[in-house]
Each structure stands twice: as structure tokens, then as C-alpha cells.
Amino acid sequence: MTQTRIGVLLPTRELAMVGNYDMAPLLEFAQEAEAVGYDSLWTGDSLLARPRLDPFVVLAGVAAVTSRVSVGTAALTAALRQPVIGANLVASLDHACGGRLALALGAGFPIPDSAQEFSAVGVPFEQRVGRLDETVRLWRQAWAGQPSFRGRYWQLDDLDRLPPPATPGGPKLWLASSDTPRVLDRVAQHYDGWLPFLPSPEAYGQAWRQISASAQAYGRPADAVAPGLYATMTVHESRDRARAELDGYLQQYYGRPLEVMSTVQAYCYGTAEECAQWLARYVQAGARHLVIRIGSLSPEPPLKEILDAVRGI
């Protein structure tokens with residue numbers, strides 16, 4: 001698979017779903033994923049809607065037991081954290097990772113659970129998109145050593161007193177998003193990468209062409225935006241058993257069946273080879289960094305089997 005990176009999601013939520021909040025399984029997962037050859041490791045973020053261990057703590061631990069893989073969030077709900085605190089957390093994590101960090105950021109799903117999560121930290125849910133984009137602007141100015149920021153939601157000084165990140169200008173910031181025209185324009189204009197979970201390669205290809213054209217119109221370099229994909233796979237030699245396992249996983253994760261979730265997110269079930277061929281269609285549509293979530297609560301996911309199949313397409 002030429003010029004395509006393959007990452008895997010750390011099972012922070014999956015472990016939480018079975019009542020396990022121990023860091024040891026996550027660190028063992030990270031070490032195994034690096035050993036078998038994955039390019040990147042990612043973790044999600046949620047306080048109350050889908051609780052799990054904090055991504056900054058998890059990734060700092062993962063960075064300490066790995067040396068090669070890049071690490072990132074998929075996705076960090078940045079507006080849940082005051083932006084100065086967030087800027088310092090990201091810069092600190094970038095040092096812990098030795099510059100191996102990238103952050104996919106999300107505004108938060110428009111569902112009641114997410115709205116309650118925002119309310120719990122005192123952030124207006126209806127402002128989540130504007131606050132996300134303004135947080136990104138503030139972070140980048142702070143990391144560039146600019147002391148003052150004047151925005152709609154924050155007016156701050158002395159930002160140059162914050163510790164700088166390990167990466168000059170800060171780590172890459174991606175947008176985890178849908179494919180509405182307004183969202184795609186934000187990606188093209190402001191972000192370093194795009195991490196959607198679109199349910200079909202055709203929808204992906206159409207959206208990626210729009211981002212590429214818009215980025216060019218904004219005068220950005222051809223490689224300014226990294227095209228990623230967030231995809232969930234459940235692997236089993238029996239396609240029927242894989243489907244049943246994925247459906248049960250989604251019922252427990254989202255409270256909704258596969259037939260509902262597959263209309264809005266990218267899912268595949270079957271053998272590793274079948275899922276790899278499905279992913280190949282996204283690669284043909286333009287995806288160059290695949291982030292695989294393993295749709296299973298199994299304590300021993302088939303990490304090497306999945307990677308070998310995907311590398312072989």
C-alpha cells in the first residue's frame with residue numbers, strides 16, 4: 001500500500017465498557033501494535049458521554065513505552081478544556097512524545113449526551129464549532145510565541161509565557177468531521193488533516209476532491225491537508241459471526257444497531273482480507289492515513305492479522 005500509513009485506536013473506551021480502567025492493558029496493546037508494525041496509535045476523548053481514561057494521560061504513558069509510532073487523538077473534543085490549559089497540555093504532551101504527536105479534533109456530536117457533557121463543564125453547546133476553531137487559532141498563536149489573542153470568546157495576554165511545544169509551531173491539527181460543504185471548507189482553510197468516518201468510499205472521494213480544490217483556491221500547498229479515514233472493523237473467519245459481534249459492540253457502545261450506525265459511519269465485518277479490500281476502495285478514493293478501530297470487546301484483538309491483510313492490498 002504505497003504511501004499509506006496505518007494506525008489503530010487504543011481500546012480506552014472498550015476497556016471502560018467492561019469496567020477496566022487499568023493502564024497496563026493499554027500500554028501492552030501499544031507495545032504490541034508498535035512491534036507488529038503499525039505506524040500510529042490513537043485514543044478517543046469523552047468525559048461523561050462515553051467515559052474513558054483521559055487522552056493526555058494515556059498518550060503520555062504510551063509515549064513512554066514506545067519509540068517509533070506516532071500518537072494522536074481521534075478525536076479530542078478541544079472545547080471541553082479552557083484553551084490556555086489545553087495549549088499547555090498539548091505542548092507538554094508533545095514533549096513527552098518527542099514530537100511524535102498529531103491531534104484530530106472534534107466539535108462534539110449533536111446528540112443529548114454530548115450536550116450534557118458540555119453543560120457539565122460550563123461550555124455552551126451551541127458554540128462548540130466556533131469555540132473549536134477559535135481554540136485552534138489561539139493554540140497556534142501561543143505556540144508561535146505571540147503574546148496576545150483577541151477572539152470572539154477569549155481575549156488573552158501573556159500567552160508567550162507558556163512552554164513551547166517540542167514541534168516548532170506545534171503538532172499537526174486535524175479536523176475529525178463529516179462531509180458538509182461548510183465543514184469541508186473549514187478543513188481546506190484551517191486544518192492540517194482530515195479524519196472522517198464516511199460510510200462509503202464514493203462519499204469519501206467526492207469530499208476529498210472538494211477539500212483539495214478548496215485548499216488550492218486558498219493558496220495552500222498540495223500536501224497541506226493529510227487525508228485520513230476513521231474506520232471500524234470486526235474480523236472473524238465467519239462473516240456472520242463478525243457481523244453479530246460488531247452489532248453487539250455497537251449496541252453496547254452507542255445503544256444503536258449496526259443497520260443504523262452504518263448509515264453515518266464506516267464499518268466493515270468479515271475476514272481480515274475482506275475488510276482490507278473494503279479499505280482499499282477508500283485508499284483509491286484518496287485516503288492516506290487509515291485509523292482502524294477494532295469493533296470488538298475481545299481482550300486479544302487480531303492486531304497482526306489485520307495489519308498484514310491491510311498492508312497486502
# chains A, B, ... in the order shown; residues from 1 in each chain; ligands from 1
>>> residues_around(residues="A:Gly295", least_positions_apart="3", cutoff="10 Å", atoms="only C-alpha atoms", output="MDAnalysis selection string")
chainID A and resid 11 14 231:235 242:243 245:250 253 267:269 292 298 301
>>> residues_around(residues="A:Asp223", least_positions_apart="3", cutoff="12 Å", atoms="only C-alpha atoms", output="list in words")
Ala188, Tyr191, Asp192, Gly193, Trp194, Ile211, Ser212, Ala213, Ala215, Gln216, Gly219, Arg220, Ala226, Pro227 and Arg288 of chain A
>>> write_last_selection(atoms="N, CA, C and O atoms", output="mmCIF file, in the first residue's frame")
data_model
loop_
_atom_site.group_PDB
_atom_site.id
_atom_site.type_symbol
_atom_site.label_atom_id
_atom_site.label_comp_id
_atom_site.auth_asym_id
_atom_site.auth_seq_id
_atom_site.Cartn_x
_atom_site.Cartn_y
_atom_site.Cartn_z
ATOM 1 N N ALA A 188 -10.229 22.634 4.556
ATOM 2 C CA ALA A 188 -9.365 23.137 3.486
ATOM 3 C C ALA A 188 -8.642 24.408 3.880
ATOM 4 O O ALA A 188 -7.498 24.638 3.472
ATOM 5 N N TYR A 191 -7.019 23.511 8.625
ATOM 6 C CA TYR A 191 -6.509 22.326 9.312
ATOM 7 C C TYR A 191 -5.411 21.612 8.517
ATOM 8 O O TYR A 191 -5.284 21.794 7.316
ATOM 9 N N ASP A 192 -4.660 20.785 9.257
ATOM 10 C CA ASP A 192 -3.520 20.069 8.664
ATOM 11 C C ASP A 192 -3.901 18.669 8.198
ATOM 12 O O ASP A 192 -3.094 17.995 7.551
ATOM 13 N N GLY A 193 -5.078 18.210 8.556
ATOM 14 C CA GLY A 193 -5.521 16.882 8.171
ATOM 15 C C GLY A 193 -7.018 16.752 8.329
ATOM 16 O O GLY A 193 -7.679 17.593 8.955
ATOM 17 N N TRP A 194 -7.550 15.693 7.748
ATOM 18 C CA TRP A 194 -8.990 15.433 7.756
ATOM 19 C C TRP A 194 -9.202 13.993 8.172
ATOM 20 O O TRP A 194 -8.598 13.083 7.598
ATOM 21 N N ILE A 211 -12.186 19.169 -0.848
ATOM 22 C CA ILE A 211 -11.168 19.731 0.044
ATOM 23 C C ILE A 211 -9.929 20.119 -0.743
ATOM 24 O O ILE A 211 -9.364 21.214 -0.553
ATOM 25 N N SER A 212 -9.482 19.250 -1.626
ATOM 26 C CA SER A 212 -8.272 19.521 -2.407
ATOM 27 C C SER A 212 -8.427 20.770 -3.256
ATOM 28 O O SER A 212 -7.520 21.620 -3.313
ATOM 29 N N ALA A 213 -9.579 20.900 -3.914
ATOM 30 C CA ALA A 213 -9.815 22.068 -4.764
ATOM 31 C C ALA A 213 -9.883 23.345 -3.926
ATOM 32 O O ALA A 213 -9.325 24.390 -4.304
ATOM 33 N N ALA A 215 -8.557 23.872 -0.900
ATOM 34 C CA ALA A 215 -7.246 24.186 -0.339
ATOM 35 C C ALA A 215 -6.370 24.880 -1.372
ATOM 36 O O ALA A 215 -5.638 25.836 -1.058
ATOM 37 N N GLN A 216 -6.434 24.414 -2.598
ATOM 38 C CA GLN A 216 -5.674 25.053 -3.675
ATOM 39 C C GLN A 216 -6.153 26.478 -3.895
ATOM 40 O O GLN A 216 -5.345 27.397 -4.084
ATOM 41 N N GLY A 219 -4.716 28.901 -1.670
ATOM 42 C CA GLY A 219 -3.284 29.097 -1.834
ATOM 43 C C GLY A 219 -2.428 28.193 -0.970
ATOM 44 O O GLY A 219 -1.234 28.469 -0.772
ATOM 45 N N ARG A 220 -2.998 27.113 -0.485
ATOM 46 C CA ARG A 220 -2.223 26.189 0.345
ATOM 47 C C ARG A 220 -1.476 25.190 -0.534
ATOM 48 O O ARG A 220 -1.923 24.867 -1.646
ATOM 49 N N ALA A 226 -3.639 16.397 5.206
ATOM 50 C CA ALA A 226 -3.454 14.939 5.154
ATOM 51 C C ALA A 226 -4.817 14.256 5.128
ATOM 52 O O ALA A 226 -5.648 14.506 6.003
ATOM 53 N N PRO A 227 -5.079 13.398 4.141
ATOM 54 C CA PRO A 227 -6.370 12.722 4.060
ATOM 55 C C PRO A 227 -6.405 11.430 4.871
ATOM 56 O O PRO A 227 -5.783 10.425 4.507
ATOM 57 N N ARG A 288 -5.018 8.377 2.881
ATOM 58 C CA ARG A 288 -3.598 8.065 3.005
ATOM 59 C C ARG A 288 -3.164 7.796 4.441
ATOM 60 O O ARG A 288 -2.005 7.483 4.677
#
>>> select_by_dssp(residues="stretch 45-270 of chain A", states="alpha helix (DSSP H)", output="JSON, numbers by chain")
{"A": [55, 56, 57, 58, 59, 60, 61, 62, 63, 64, 65, 83, 84, 85, 86, 87, 88, 89, 90, 91, 92, 93, 94, 95, 96, 112, 113, 114, 115, 116, 117, 118, 119, 120, 128, 129, 130, 131, 132, 133, 134, 135, 136, 137, 138, 139, 140, 141, 142, 143, 181, 182, 183, 184, 185, 186, 187, 188, 189, 190, 201, 202, 203, 204, 205, 206, 207, 208, 209, 210, 211, 212, 213, 214, 215, 216, 217, 239, 240, 241, 242, 243, 244, 245, 246, 247, 248, 249, 250, 251, 252, 253, 254, 258, 259, 260, 261]}
>>> closest_residue(among="A:Ala79, A:Leu198, A:Ile306, A:Ala49", to="A:Ala33", atoms="only C-alpha atoms")
A:Ile306
>>> residues_around(residues="A:Ala144", least_positions_apart="3", cutoff="7 Å", atoms="only C-alpha atoms", output="number ranges by chain")
A: 140-141, 169
>>> select_by_dssp(residues="stretch 51-293 of chain A", states="strand (DSSP E or B)", output="number ranges by chain")
A: 70-76, 101-105, 149-150, 155-156, 172-175, 193-194, 226-235, 267-270, 289-293
>>> residues_around(residues="A:Gly312", least_positions_apart="6", cutoff="12 Å", atoms="only C-alpha atoms", output="PyMOL selection string")
chain A and resi 1-2+4+6+272-277+279-280+305-306
>>> closest_atom_pairs(of="stretch 128-174 of chain A", to="stretch 82-95 of chain A", cutoff="7 Å", atoms="only C-alpha atoms", output="JSON lines")
{"residue": "A:Thr135", "atom": "CA", "partner": "A:Pro83", "partner_atom": "CA", "distance": 5.8}
{"residue": "A:Trp139", "atom": "CA", "partner": "A:Ala87", "partner_atom": "CA", "distance": 5.4}
{"residue": "A:Leu162", "atom": "CA", "partner": "A:Asn88", "partner_atom": "CA", "distance": 6.6}
{"residue": "A:Pro163", "atom": "CA", "partner": "A:Asn88", "partner_atom": "CA", "distance": 6.8}
{"residue": "A:Pro164", "atom": "CA", "partner": "A:Ala91", "partner_atom": "CA", "distance": 6.1}
{"residue": "A:Pro165", "atom": "CA", "partner": "A:Ala91", "partner_atom": "CA", "distance": 4.0}
{"residue": "A:Ala166", "atom": "CA", "partner": "A:His95", "partner_atom": "CA", "distance": 5.0}
>>> closest_atom_pairs(of="stretch 37-97 of chain A", to="stretch 105-124 of chain A", cutoff="6 Å", atoms="only C-alpha atoms", output="Markdown table")
| residue | atom | partner | partner_atom | distance |
| --- | --- | --- | --- | --- |
| A:Leu48 | CA | A:Glu117 | CA | 5.6 |
| A:Ala49 | CA | A:Asp113 | CA | 5.0 |
| A:Ala75 | CA | A:Leu105 | CA | 5.0 |
| A:Leu76 | CA | A:Leu105 | CA | 4.7 |
| A:Thr77 | CA | A:Gly106 | CA | 5.0 |
>>> write_last_selection(atoms="all heavy atoms", output="PDB file, in the first residue's frame")
ATOM      1  N   LEU A  48     -18.141  12.446  30.035  1.00  0.00           N
ATOM      2  CA  LEU A  48     -19.359  11.859  30.580  1.00  0.00           C
ATOM      3  C   LEU A  48     -20.171  11.082  29.552  1.00  0.00           C
ATOM      4  O   LEU A  48     -20.860  10.127  29.896  1.00  0.00           O
ATOM      5  CB  LEU A  48     -20.244  12.963  31.183  1.00  0.00           C
ATOM      6  CG  LEU A  48     -19.636  13.785  32.317  1.00  0.00           C
ATOM      7  CD1 LEU A  48     -20.597  14.896  32.736  1.00  0.00           C
ATOM      8  CD2 LEU A  48     -19.277  12.920  33.499  1.00  0.00           C
ATOM      9  N   ALA A  49     -20.111  11.509  28.280  1.00  0.00           N
ATOM     10  CA  ALA A  49     -20.950  10.876  27.266  1.00  0.00           C
ATOM     11  C   ALA A  49     -20.541   9.419  27.046  1.00  0.00           C
ATOM     12  O   ALA A  49     -21.389   8.515  27.035  1.00  0.00           O
ATOM     13  CB  ALA A  49     -20.872  11.655  25.955  1.00  0.00           C
ATOM     14  N   ALA A  75     -11.195  11.359  18.511  1.00  0.00           N
ATOM     15  CA  ALA A  75     -10.787  12.740  18.365  1.00  0.00           C
ATOM     16  C   ALA A  75     -10.872  13.424  19.733  1.00  0.00           C
ATOM     17  O   ALA A  75     -11.590  12.980  20.611  1.00  0.00           O
ATOM     18  CB  ALA A  75     -11.689  13.461  17.376  1.00  0.00           C
ATOM     19  N   LEU A  76     -10.114  14.513  19.872  1.00  0.00           N
ATOM     20  CA  LEU A  76     -10.118  15.322  21.077  1.00  0.00           C
ATOM     21  C   LEU A  76     -11.209  16.386  20.972  1.00  0.00           C
ATOM     22  O   LEU A  76     -11.234  17.156  20.007  1.00  0.00           O
ATOM     23  CB  LEU A  76      -8.764  15.996  21.255  1.00  0.00           C
ATOM     24  CG  LEU A  76      -8.610  16.902  22.481  1.00  0.00           C
ATOM     25  CD1 LEU A  76      -8.495  16.063  23.746  1.00  0.00           C
ATOM     26  CD2 LEU A  76      -7.403  17.821  22.333  1.00  0.00           C
ATOM     27  N   THR A  77     -12.095  16.437  21.942  1.00  0.00           N
ATOM     28  CA  THR A  77     -13.116  17.488  21.989  1.00  0.00           C
ATOM     29  C   THR A  77     -12.487  18.688  22.681  1.00  0.00           C
ATOM     30  O   THR A  77     -12.625  18.895  23.889  1.00  0.00           O
ATOM     31  CB  THR A  77     -14.378  17.018  22.724  1.00  0.00           C
ATOM     32  OG1 THR A  77     -14.786  15.749  22.199  1.00  0.00           O
ATOM     33  CG2 THR A  77     -15.519  18.015  22.538  1.00  0.00           C
TER      34      THR A  77
END
>>> closest_residue(among="A:Lys304, A:Ala217, A:Ser296, A:Ala176", to="A:Gln251", atoms="only C-alpha atoms")
A:Ser296
>>> residues_around(residues="stretch 8-10 of chain A", least_positions_apart="6", cutoff="7 Å", atoms="only C-alpha atoms", output="number ranges by chain")
A: 26, 40-43, 291-293
